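Data block below; observations after.
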Amino acid sequence: MAEANTFYLEIITPERQFYIGPAQALIFPAVDGQMGVYAGHAPTVTAIEPGELRYKVDGVWEPAAVGAGFAEIKPDYVILLVGFAEHPEEIDRKRAEAAKLRAEERLRQKQSIQEYYHSKAALARAMARLKTRR
């Protein structure tokens, strides 16, 4: 890296390369809470929960909604493999609200364990989008 206070960041989804380039910081929703990353971070692999991610490029924090996935962190390189990643302006608030209501209704109904987990995942995705879109 050219600068000591940056690391190379890749945010990849099945559909696209969401962001690839230098970053000064990264905050993402991990399974045990929010996780922050700066250059020189200890090597780590962790699971990502659906939620709001923020990464800092040229001194500006960029928000994004992300789905579940995994992160591999090295001192000078971070890669996030997530189910989806969207900029706030890409999120349709009405559609996310409707998805949230559908998921909440499905959770209120008696259903199989598999349907329950699908509904919980759908609710988490909708909530991540709504939180990021604000």
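Each chain in the structure tokens gets a letter, A, B, ..., in the order shown, and its residues are numbered from 1; ligands are numbered from 1 in order too.
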
Give me the residues within 9 Å of Pro63 in chain A as a PyMOL selection string, counting only C-alpha atoms and dropping any in the same chain fewer than 2 places off. chain A and resi 52-56+61+65+86-88+132

Selection: 10 Å around Leu80 in chain A, only C-alpha atoms, excl. self and same-chain fewer than 3 positions, as number ranges by chain: A: 9-13, 18-19, 28, 45-48, 66, 68-73, 83

Preceding selection exported with C-alpha atoms as a short mmCIF file (atom, residue, chain, number, x, y, z; two decimals), in the first residue's frame:
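So the final result, stored in result_12.cif, reads:
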data_model
loop_
_atom_site.label_atom_id
_atom_site.label_comp_id
_atom_site.auth_asym_id
_atom_site.auth_seq_id
_atom_site.Cartn_x
_atom_site.Cartn_y
_atom_site.Cartn_z
CA LEU A 9 -10.73 -3.55 0.75
CA GLU A 10 -12.89 -5.83 -1.38
CA ILE A 11 -16.65 -6.14 -0.86
CA ILE A 12 -17.95 -8.88 -3.13
CA THR A 13 -21.50 -10.18 -3.68
CA PHE A 18 -19.48 -3.73 -4.74
CA TYR A 19 -16.24 -1.98 -3.76
CA PHE A 28 -19.38 -4.06 9.85
CA VAL A 45 -11.93 -14.62 9.92
CA THR A 46 -15.46 -13.91 11.11
CA ALA A 47 -19.08 -14.22 10.06
CA ILE A 48 -21.04 -11.14 8.98
CA VAL A 66 -25.06 -5.85 3.62
CA ALA A 68 -24.91 -12.31 5.77
CA GLY A 69 -21.47 -13.50 4.77
CA PHE A 70 -17.85 -13.84 5.84
CA ALA A 71 -14.88 -11.52 6.29
CA GLU A 72 -11.21 -12.35 6.03
CA ILE A 73 -9.04 -9.68 7.63
CA GLY A 83 -25.12 -12.11 0.09
#

Using backbone DSSP assignments, extract all strand (DSSP E) residues from chain A; output them as a PyMOL selection string. chain A and resi 7-12+17-23+25-30+33-38+44-48+51-57+60-66+69-74+77-82+85-86

Alpha helix (DSSP H) residues, from DSSP on the backbone, in range 26-133 of chain A, as a PyMOL selection string: chain A and resi 93-108+113-133

With distances taken over only C-alpha atoms, which of A:Ile113, A:Val82, A:Val57, A:Val37 is nearest to Gly21 in chain A?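 Answer, going by the shortest atom-to-atom distance: A:Val57.
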
Just the residues within 12 Å of His41 in chain A, please, counting only C-alpha atoms, with nothing from its chain fewer than 6 positions along; format it as a list in words.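 Everything that qualifies: Asn5, Thr6, Phe7, Gln24, Ala25, Leu26, Met35, Glu72, Ile73, Lys74, Pro75, Asp76, Tyr77 and Val78 of chain A.
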